[in-house]
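Novice: Contents are compact mmCIF, C-alpha atoms; file name query02.txt:
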```
# COMPACT_ATOMS: atom_id res chain seq x y z
CA MET A 421 182.98 -7.38 -33.37
CA GLN A 422 184.94 -6.41 -36.46
CA LEU A 423 181.73 -5.15 -38.11
CA THR A 424 180.96 -2.97 -35.07
CA ARG A 425 184.43 -1.45 -35.19
CA PHE A 426 184.09 -0.81 -38.91
CA THR A 427 180.71 0.86 -38.38
CA GLN A 428 182.13 3.07 -35.63
CA PHE A 429 185.13 3.91 -37.81
CA SER A 430 182.88 4.76 -40.75
CA SER A 431 180.73 7.02 -38.60
CA THR A 432 183.78 8.78 -37.22
CA LEU A 433 185.25 9.19 -40.69
CA ALA A 434 181.96 10.55 -42.01
CA LEU A 435 181.76 13.07 -39.19
CA ALA A 436 185.36 14.15 -39.73
CA ALA A 437 184.73 14.52 -43.45
CA ALA A 438 181.61 16.58 -42.80
CA VAL A 439 183.50 18.90 -40.46
CA ASN A 440 186.35 19.17 -42.96
CA LEU A 441 183.87 19.97 -45.75
CA SER A 442 182.49 22.80 -43.64
CA ALA A 443 186.00 24.15 -43.14
CA VAL A 444 187.13 23.89 -46.75
CA ALA A 445 183.99 24.33 -48.83
CA ALA A 446 182.18 27.12 -47.00
CA GLU A 447 180.90 29.54 -49.62
CA PRO A 448 181.63 33.24 -49.01
CA PRO A 449 178.61 35.52 -48.64
CA LYS A 450 177.73 38.22 -51.14
CA LEU A 451 176.40 41.74 -50.70
CA LYS A 452 173.03 42.86 -51.98
CA VAL A 453 173.38 46.63 -52.43
CA LEU A 454 170.35 48.90 -51.97
CA GLU A 455 170.03 52.00 -54.16
CA ASN A 456 167.08 53.73 -52.48
CA LEU A 457 168.70 55.33 -49.42
CA GLU A 458 169.40 59.04 -48.93
CA LYS A 459 172.84 59.80 -50.43
CA GLN A 460 174.75 60.79 -47.33
CA LEU A 461 177.10 59.21 -44.78
CA TRP A 462 175.37 56.52 -42.70
CA ILE A 463 177.27 55.31 -39.64
CA GLY A 464 174.98 53.74 -37.05
CA ALA A 465 173.05 50.56 -37.82
CA ALA A 466 170.70 48.50 -35.67
CA PRO A 467 168.94 45.51 -37.26
CA VAL A 468 166.41 43.95 -34.89
CA SER A 469 164.84 41.36 -37.21
CA ARG A 470 164.90 40.24 -40.84
CA SER A 471 162.64 43.12 -41.78
CA THR A 472 163.37 45.92 -39.28
CA ILE A 473 166.52 48.06 -39.49
CA TRP A 474 167.41 51.48 -38.05
CA LEU A 475 170.22 53.65 -39.45
CA SER A 476 171.73 56.93 -38.26
CA GLY A 477 174.26 59.35 -39.69
CA GLU A 478 175.14 62.90 -40.59
CA ASN A 479 172.77 65.85 -41.13
CA GLY A 480 170.87 64.84 -38.00
CA LEU A 481 169.06 62.04 -39.81
CA VAL A 482 167.72 58.65 -38.76
CA ALA A 483 166.34 56.15 -41.29
CA HIS A 484 163.96 53.33 -40.40
CA SER A 485 162.65 50.44 -42.48
CA ASP A 486 160.27 47.66 -41.51
CA ASP A 487 160.24 45.90 -44.88
CA GLY A 488 163.88 44.89 -45.20
CA GLY A 489 165.03 48.15 -46.80
CA ASN A 490 162.50 48.26 -49.65
CA SER A 491 161.26 51.59 -48.29
CA TRP A 492 162.51 54.08 -45.69
CA ARG A 493 161.06 56.61 -43.27
CA TYR A 494 163.31 59.49 -42.21
CA SER A 495 163.25 61.45 -38.99
CA GLN A 496 165.32 64.13 -37.28
CA PRO A 497 165.68 63.71 -33.49
CA GLY A 498 167.41 67.09 -33.02
CA GLN A 499 168.99 69.87 -35.05
CA ASP A 500 170.32 69.10 -38.53
CA ASP A 501 173.98 69.71 -37.63
CA LEU A 502 174.14 66.69 -35.32
CA GLN A 503 176.05 63.55 -36.29
CA PHE A 504 174.32 60.43 -35.06
CA ARG A 505 177.22 57.98 -34.92
CA ASP A 506 175.34 55.25 -33.08
CA ILE A 507 171.81 53.90 -32.91
CA GLU A 508 170.53 51.04 -30.75
CA ALA A 509 167.04 49.67 -31.31
CA ILE A 510 164.75 47.52 -29.21
CA ASP A 511 162.09 46.76 -31.80
CA ASN A 512 160.17 48.32 -34.67
CA ARG A 513 159.02 51.27 -32.55
CA GLN A 514 161.69 51.86 -29.89
CA ALA A 515 165.24 53.09 -30.52
CA TYR A 516 167.99 55.24 -28.97
CA ALA A 517 170.16 57.52 -31.12
CA LEU A 518 173.51 58.94 -29.96
CA SER A 519 174.94 62.15 -31.40
CA ILE A 520 178.60 62.99 -30.84
CA GLY A 521 180.67 66.13 -30.26
CA ASP A 522 181.86 68.61 -27.64
CA ASP A 523 179.99 71.62 -26.23
CA GLY A 524 176.83 69.68 -25.46
CA GLN A 525 176.56 68.03 -28.88
CA SER A 526 176.78 64.55 -27.33
CA LYS A 527 173.16 63.59 -26.67
CA VAL A 528 170.94 60.53 -26.39
CA TYR A 529 167.47 60.64 -27.97
CA PHE A 530 164.67 58.09 -27.67
CA THR A 531 161.59 57.24 -29.73
CA ASP A 532 158.80 54.83 -28.88
CA ASN A 533 156.66 55.39 -31.98
CA GLY A 534 158.92 54.40 -34.86
CA GLY A 535 160.66 57.79 -35.13
CA ALA A 536 157.53 59.92 -35.41
CA ASN A 537 158.65 61.73 -32.26
CA TRP A 538 161.93 61.82 -30.39
CA ARG A 539 162.73 62.93 -26.83
CA MET A 540 166.17 63.84 -25.52
CA ARG A 541 167.03 61.56 -22.62
CA TYR A 542 170.57 62.74 -21.88
CA ARG A 543 172.83 65.67 -22.75
CA ALA A 544 176.52 65.50 -21.86
CA GLU A 545 178.51 68.31 -20.30
CA ALA A 546 180.37 70.73 -22.56
CA ASP A 547 183.73 69.00 -21.96
CA THR A 548 182.40 65.51 -22.74
CA PHE A 549 182.65 63.77 -26.11
CA LEU A 550 180.64 60.54 -26.17
CA ASN A 551 181.62 57.92 -28.76
CA CYS A 552 179.39 54.86 -28.65
CA MET A 553 176.78 52.98 -26.68
CA ASP A 554 175.04 49.62 -26.42
CA LEU A 555 171.96 48.09 -24.81
CA SER A 556 171.47 44.76 -23.08
CA PRO A 557 168.23 42.79 -23.56
CA ASN A 558 166.99 43.99 -20.16
CA GLY A 559 167.30 47.63 -21.24
CA GLU A 560 170.55 48.54 -19.46
CA ALA A 561 172.71 50.98 -21.44
CA TRP A 562 176.35 52.05 -21.23
CA VAL A 563 177.80 55.01 -23.14
CA PHE A 564 181.56 55.51 -23.46
CA GLY A 565 183.30 58.85 -23.97
CA ASP A 566 186.78 60.34 -24.12
CA SER A 567 188.37 60.78 -20.71
CA VAL A 568 189.00 64.25 -19.28
CA GLY A 569 192.12 64.57 -17.15
CA ASP A 570 192.16 61.58 -14.81
CA SER A 571 188.41 61.07 -15.04
CA TRP A 572 186.47 58.65 -17.21
CA ARG A 573 183.47 59.98 -19.09
CA ILE A 574 181.01 57.08 -18.94
CA VAL A 575 177.23 57.17 -18.68
CA ARG A 576 174.89 54.36 -17.56
CA SER A 577 171.15 53.88 -17.70
CA PRO A 578 169.61 51.00 -15.72
CA GLY A 579 166.49 50.88 -17.88
CA GLY A 580 166.52 53.70 -20.42
CA ARG A 581 164.70 56.37 -18.44
CA ASN A 582 167.33 57.67 -16.03
CA TRP A 583 170.85 58.35 -17.32
CA ILE A 584 173.60 58.88 -14.76
CA LYS A 585 177.33 59.59 -14.82
CA ALA A 586 179.37 56.51 -13.94
CA TYR A 587 182.86 57.97 -13.85
CA SER A 588 184.00 55.50 -11.13
CA ALA A 589 182.78 52.40 -12.99
CA VAL A 590 186.33 51.35 -14.02
CA SER A 591 188.82 49.70 -11.67
CA GLN A 592 191.71 51.91 -12.86
CA LYS A 593 192.13 55.56 -13.80
CA PRO A 594 192.29 56.41 -17.51
CA LEU A 595 195.62 56.90 -19.20
CA SER A 596 196.49 60.31 -20.60
CA ASN A 597 194.14 61.12 -23.55
CA GLU A 598 192.47 57.69 -23.34
CA GLY A 599 189.12 57.54 -25.08
CA GLY A 600 187.29 55.83 -27.91
CA PHE A 601 186.46 56.07 -31.62
CA ALA A 602 183.05 57.11 -32.90
CA SER A 603 183.41 55.48 -36.31
CA SER A 604 180.76 52.80 -36.03
CA GLY A 605 179.24 52.75 -32.58
CA SER A 606 181.19 49.55 -31.95
CA CYS A 607 183.59 50.53 -29.15
CA VAL A 608 180.99 49.34 -26.61
CA ARG A 609 179.37 45.91 -26.92
CA PHE A 610 177.15 43.66 -24.83
CA ASN A 611 176.91 39.97 -25.65
CA ASN A 612 176.38 36.78 -23.68
CA GLN A 613 176.21 38.55 -20.31
CA THR A 614 179.44 40.46 -20.97
CA TRP A 615 180.10 44.18 -21.42
CA LEU A 616 183.21 45.16 -23.38
CA VAL A 617 184.76 48.56 -24.18
CA GLY A 618 187.77 49.26 -26.41
CA THR A 619 189.98 52.31 -25.89
CA GLY A 620 192.46 54.28 -27.98
CA ASN A 621 194.57 57.44 -28.30
CA ALA A 622 196.69 56.55 -25.23
CA ASP A 623 200.07 54.86 -24.88
CA THR A 624 198.34 51.49 -24.47
CA ALA A 625 195.14 50.29 -26.12
CA ARG A 626 193.03 48.68 -23.43
CA VAL A 627 189.85 46.66 -23.01
CA LEU A 628 187.38 47.34 -20.22
CA ARG A 629 185.42 44.20 -19.32
CA LYS A 630 182.50 43.63 -16.97
CA GLY A 631 180.03 40.81 -16.39
CA GLY A 632 176.36 41.48 -16.92
CA PHE A 633 175.81 41.68 -13.16
CA GLY A 634 179.22 43.05 -12.24
CA ILE A 635 179.82 46.38 -10.56
CA ARG A 636 183.04 47.68 -12.11
CA PHE A 637 184.96 47.20 -15.33
CA GLU A 638 188.33 45.48 -15.08
CA VAL A 639 191.14 46.69 -17.36
CA ILE A 640 193.09 44.49 -19.80
CA ASP A 641 196.16 45.74 -21.69
CA THR A 642 196.25 44.67 -25.35
CA PRO A 643 198.93 44.37 -28.06
CA MET A 644 196.92 46.56 -30.47
CA GLN A 645 198.87 49.50 -31.91
CA ALA A 646 198.37 52.50 -29.63
CA GLY A 647 199.09 56.22 -29.46
CA PRO A 648 197.35 59.28 -30.91
CA ASN A 649 194.68 58.29 -33.48
CA ALA A 650 195.38 54.60 -32.86
CA GLY A 651 193.93 51.84 -30.74
CA ILE A 652 190.82 49.69 -30.57
CA TRP A 653 187.94 50.83 -32.76
CA ALA A 654 185.55 47.91 -32.32
CA VAL A 655 185.06 45.02 -29.90
CA TRP A 656 183.10 41.78 -29.81
CA PRO A 657 182.69 39.72 -26.61
CA VAL A 658 182.08 36.02 -27.20
CA ASP A 659 181.64 35.47 -23.46
CA ASP A 660 183.33 36.57 -20.24
CA GLU A 661 186.59 34.82 -21.20
CA GLN A 662 186.87 35.32 -24.96
CA PHE A 663 186.62 38.36 -27.20
CA TYR A 664 187.78 39.94 -30.46
CA ILE A 665 189.16 43.45 -30.99
CA ALA A 666 189.73 45.38 -34.23
CA GLY A 667 191.50 48.66 -34.84
CA GLY A 668 194.74 50.22 -35.96
CA HIS A 669 195.83 53.75 -36.89
CA LEU A 670 193.59 56.36 -38.48
CA ASN A 671 196.28 57.18 -41.05
CA THR A 672 196.73 54.23 -43.37
CA ASP A 673 200.46 54.80 -43.85
CA ASP A 674 201.03 54.78 -40.08
CA ASN A 675 199.58 51.35 -39.39
CA GLU A 676 202.02 48.97 -37.73
CA GLY A 677 201.38 45.41 -36.65
CA GLU A 678 198.21 43.35 -36.63
CA ARG A 679 194.79 45.00 -36.58
CA LEU A 680 192.61 42.07 -35.51
CA TRP A 681 193.12 40.07 -32.31
CA TYR A 682 191.44 37.23 -30.44
CA TYR A 683 191.64 36.93 -26.65
CA ASP A 684 191.22 33.60 -24.86
CA GLY A 685 192.58 32.39 -21.54
CA ASP A 686 194.51 35.57 -20.77
CA GLU A 687 196.35 35.40 -24.10
CA PHE A 688 196.03 37.38 -27.34
CA SER A 689 196.40 35.79 -30.76
CA ALA A 690 196.63 37.79 -33.98
CA LEU A 691 194.29 36.84 -36.80
CA PRO A 692 195.44 36.95 -40.45
CA GLU A 693 195.41 40.48 -41.82
CA PRO A 694 192.25 41.42 -43.76
CA PRO A 695 192.38 42.72 -47.36
CA LEU A 696 191.60 46.27 -46.22
CA GLN A 697 193.85 49.31 -45.86
CA GLY A 698 193.82 51.40 -42.68
CA ALA A 699 192.20 51.08 -39.28
CA LEU A 700 189.33 48.61 -39.03
CA TYR A 701 186.22 50.59 -38.10
CA SER A 702 183.71 47.82 -37.34
CA LEU A 703 183.52 44.24 -36.16
CA SER A 704 180.77 41.61 -36.05
CA VAL A 705 180.91 37.87 -35.46
CA VAL A 706 178.33 35.42 -36.81
CA GLU A 707 177.99 31.64 -36.96
CA HIS A 708 177.18 30.16 -40.38
CA GLN A 709 179.00 27.04 -41.54
CA GLY A 710 181.54 27.93 -38.91
CA ARG A 711 182.42 31.30 -37.44
CA TRP A 712 182.72 34.38 -39.64
CA ILE A 713 184.40 37.67 -38.71
CA LEU A 714 183.01 40.71 -40.53
CA THR A 715 184.84 44.03 -40.65
CA SER A 716 184.88 47.23 -42.71
CA ASN A 717 186.45 50.66 -43.20
CA PRO A 718 186.68 53.31 -45.95
CA SER A 719 188.62 50.87 -48.17
CA GLY A 720 185.83 48.29 -48.20
CA ALA A 721 184.40 45.35 -46.27
CA ALA A 722 185.62 41.79 -45.81
CA ALA A 723 184.61 38.47 -44.25
CA TYR A 724 186.93 35.97 -42.58
CA HIS A 725 185.97 32.28 -42.28
CA GLU A 726 187.76 30.95 -39.21
CA PRO A 727 187.62 27.19 -39.98
CA SER A 728 189.26 27.65 -43.40
CA GLN A 729 191.30 30.70 -42.32
CA LYS A 730 190.35 32.59 -45.48
CA TRP A 731 189.48 36.23 -46.09
CA PHE A 732 186.96 37.27 -48.74
CA LYS A 733 186.71 40.86 -49.99
CA LEU A 734 183.03 41.82 -50.18
CA THR A 735 183.19 45.34 -51.62
CA ASP A 736 185.53 48.27 -52.30
CA ALA A 737 182.89 50.80 -51.21
CA ASN A 738 183.49 53.20 -48.31
CA VAL A 739 181.85 51.19 -45.50
CA TRP A 740 181.89 52.50 -41.95
CA ASN A 741 179.85 49.89 -40.16
CA VAL A 742 178.59 46.31 -40.20
CA GLN A 743 175.97 45.18 -37.71
CA CYS A 744 174.11 41.89 -37.48
CA HIS A 745 170.97 40.58 -35.84
CA SER A 746 171.97 37.03 -34.93
CA ASP A 747 173.26 35.47 -38.17
CA ILE A 748 170.15 36.14 -40.23
CA SER A 749 170.38 39.87 -40.92
CA CYS A 750 173.70 41.67 -41.44
CA TRP A 751 173.83 45.26 -42.72
CA PHE A 752 176.74 47.28 -44.12
CA VAL A 753 176.44 51.08 -44.30
CA GLY A 754 178.72 53.94 -45.23
CA LYS A 755 179.42 56.94 -47.42
CA ASP A 756 177.22 58.29 -50.23
CA GLY A 757 174.17 56.38 -49.07
CA PHE A 758 175.84 52.97 -49.23
CA ALA A 759 173.72 50.22 -47.69
CA ALA A 760 173.87 46.50 -48.32
CA THR A 761 172.69 43.26 -46.77
CA LEU A 762 174.59 40.02 -46.51
CA VAL A 763 173.36 37.10 -48.60
CA TRP A 764 174.57 33.66 -47.56
CA LYS A 765 174.97 30.92 -50.14
CA PRO A 766 173.16 27.61 -49.43
CA GLU A 767 175.01 25.21 -47.16
CA PRO A 768 176.55 22.30 -49.14
CA ASP A 769 175.07 18.83 -48.73
CA ARG A 770 176.75 16.71 -46.08
CA PRO A 771 178.18 13.29 -47.01
CA THR A 772 176.35 10.29 -45.55
CA ASN A 773 177.72 7.03 -44.13
CA ALA A 774 176.61 5.25 -47.30
CA GLU A 775 179.27 7.16 -49.22
CA PHE A 776 182.11 5.42 -47.36
```
Produce structure tokens that represent the structure in this file.

Specialist:
Amino acid sequence: MQLTRFTQFSSTLALAAAVNLSAVAAEPPKLKVLENLEKQLWIGAAPVSRSTIWLSGENGLVAHSDDGGNSWRYSQPGQDDLQFRDIEAIDNRQAYALSIGDDGQSKVYFTDNGGANWRMRYRAEADTFLNCMDLSPNGEAWVFGDSVGDSWRIVRSPGGRNWIKAYSAVSQKPLSNEGGFASSGSCVRFNNQTWLVGTGNADTARVLRKGGFGIRFEVIDTPMQAGPNAGIWAVWPVDDEQFYIAGGHLNTDDNEGERLWYYDGDEFSALPEPPLQGALYSLSVVEHQGRWILTSNPSGAAAYHEPSQKWFKLTDANVWNVQCHSDISCWFVGKDGFAATLVWKPEPDRPTNAEF
């Protein structure tokens, strides 16, 4: 009997030690910087596998690689004065690119042949400024724009062919000047059967949340700094009850309070402040030796390991966006042709029962 208890205790101790080792000894990832990309501002990123990545940015350009970034093919969906702030890809051949702006500059283009040809699927009205979009695995798309008066500017596509205005898709009216930020295409996210939208520029920064099969978005007030040029810049739904939001104020000197929050059980908790200055433009969450939070902005990019509660600065480059495909392919893109992939260090060996 005593031997059985000792064996159980040893197993429990070994498991606790293994978990503790994961929390304490997790090695921070590194960035592998690519030097072969067109030297311009890249903003949208859509990795769909280890080898396939789509990028979009200024000068009306889209870049596409199917060999992990060793070589690139460039295409131009529309005129060269468009800014493609978001791109969402299905596979190596199919992708949607979103351009932003007023006066009909907000458009959605689609390719089904790897960027060889693009077709415009939606063009917004002159008073509509679209910010970001996302796709679900079944092809449903939502596009979020700045509100006009007391009307939301939201567009939905059930399957990518027909795009319709969905101005009544939210349970409450927008606040004055409420809209989004087109800094990384991250103000709309779909994950684990949950749609999430982050808003800004109004007196309160709010989250719009909807289940994958829901009809309307519910509205959640947040403690994120709000007001003109401030609010939520990026969101990440874990599921229908938990999510992360990142943001702040566009002007670095005007930032007040925490810029990264976690929501669980109707309560918000602030995460430790990242080693970056200014509003947080992007947000991705991956699982690797525990949960990692990735974020970026013009002052760099950083990774936060939740179990050990440690931040790691990854680069000082001007990085607008980080996007991941699962936890195997994470891409950082930004100004002057910056592009980099995340390289994880090998997981440390676990202790065995024989060591106790």

Novice: In Å to one decimal, how far is atom CA of A:Gly605 from atom CA of A:Asp554?

Specialist: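 The value is 8.1 Å.
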
Novice: Can you measure atom CA of A:Thr472 to atom CA of A:Gly488 for me? One decimal in Å is fine.

Specialist: 6.0 Å

Novice: How many Å separate atom CA of A:Cys750 from atom CA of A:Ala721?

Specialist: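 Here the two named atoms are 12.3 Å from each other.
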
Novice: Identify, on the basis of only C-alpha atoms, every residue whose closest approach to stretch 537-550 of chain A does not exceed 7 Å; exclude the query and any residue fewer than 3 positions from it along the same chain; express the result as a ChimeraX atom specification.

Specialist: /A:497,520-524,526-531,533,563-566,573,583

Novice: Looking at A:Ser719, A:Asn582, A:Asn621, A:Gln525, which one is nearest to A:Lys755, with distances taken over all atoms listed in the file?

Specialist: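 Smallest distance to A:Lys755 is found for A:Ser719.
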
Novice: Show which residues sit within 10 Å of stretch 506-514 of chain A, as an MDAnalysis selection string. Count all atoms listed in the file, and ignore same-chain residues fewer than 3 positions away.

Specialist: chainID A and resid 462:469 471:477 482 484:486 503 517:520 528:536 538 551:559 561 602:606 741

Novice: A:Pro594, A:Pro648, A:Gly754, A:Pro643: which is nearest A:Leu628, counting all atoms listed in the file?

Specialist: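 Smallest separation from A:Leu628 among the options: A:Pro594.
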
Novice: Between A:Ile713, A:Leu457, A:Val590, A:Ala483, which is the closest to A:Ser567 once you count only C-alpha atoms?

Specialist: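 Smallest separation from A:Ser567 among the options: A:Val590.
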
Novice: Which residues are near A:Ala646? Cut-off 12 Å, all atoms listed in the file, ignore same chain within fewer than 4 positions. Put them as a count of residues only.

Specialist: 31

Novice: With all atoms listed in the file counted and 8 Å as the cut-off, give the residues of stretch 450-523 of chain A in contact with stretch 758-767 of chain A, each with its shortest interatomic distance in Å and the pair that gives it, as CSV.

Specialist:
```
residue,atom,partner,partner_atom,distance
A:Lys450,CA,A:Val763,CA,5.2
A:Leu451,CA,A:Leu762,CA,4.9
A:Lys452,CA,A:Ala760,CA,5.2
A:Val453,CA,A:Ala760,CA,4.1
A:Leu454,CA,A:Ala759,CA,5.6
A:Glu455,CA,A:Ala759,CA,7.7
A:Leu457,CA,A:Ala759,CA,7.4
A:Lys459,CA,A:Phe758,CA,7.6
A:Leu461,CA,A:Phe758,CA,7.8
A:Trp462,CA,A:Phe758,CA,7.4
```

Novice: What lies within 9 Å of A:Asp747 using only C-alpha atoms, ignoring chain neighbours under 4 positions off, as a PDB file with C-alpha atoms, keeping the file's coordinate frame?

Specialist:
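Saved to selection_35.pdb:
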```
ATOM      1  CA  VAL A 705     180.910  37.870 -35.460  1.00  0.00           C
ATOM      2  CA  VAL A 706     178.330  35.420 -36.810  1.00  0.00           C
ATOM      3  CA  GLU A 707     177.990  31.640 -36.960  1.00  0.00           C
ATOM      4  CA  HIS A 708     177.180  30.160 -40.380  1.00  0.00           C
TER       5      HIS A 708
END
```

Novice: First collect every listed atom of stretch 724-732 of chain A; then fit an axis-aligned box around them, widen it by 8 Å on each side, and give centre and edge lengths in Å to one decimal, as JSON.

Specialist:
```
{"center_x": 188.6, "center_y": 32.2, "center_z": -44.0, "size_x": 21.3, "size_y": 26.1, "size_z": 25.5}
```

Novice: List the neighbours of stretch 632-637 of chain A out to 7 Å using all atoms listed in the file; skip same-chain residues closer than 5 positions along the sequence, and give me the result as a list in words.

Specialist: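 Contacts, in chain order: Ala589, Val590, Ser591, Gln613, Thr614 and Trp615 of chain A.
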
Novice: With all atoms listed in the file as the basis for distance, which of A:Asp660, A:Asp570, A:Glu458, A:Asp501 is at the shortest distance from A:Asn479?

Specialist: A:Asp501

Novice: Which protein, DNA or RNA residues are at most 7 Å from (181.7, 60.1, -17.2) in the file's coordinates when you count all atoms listed in the file, listed as a short mmCIF file (atom, residue, chain, number, x, y, z; two decimals) with C-alpha atoms, keeping the file's coordinate frame?

Specialist:
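Saved to out.cif:
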```cif
data_model
loop_
_atom_site.label_atom_id
_atom_site.label_comp_id
_atom_site.auth_asym_id
_atom_site.auth_seq_id
_atom_site.Cartn_x
_atom_site.Cartn_y
_atom_site.Cartn_z
CA TRP A 572 186.47 58.65 -17.21
CA ARG A 573 183.47 59.98 -19.09
CA ILE A 574 181.01 57.08 -18.94
CA VAL A 575 177.23 57.17 -18.68
CA LYS A 585 177.33 59.59 -14.82
CA ALA A 586 179.37 56.51 -13.94
CA TYR A 587 182.86 57.97 -13.85
#
```
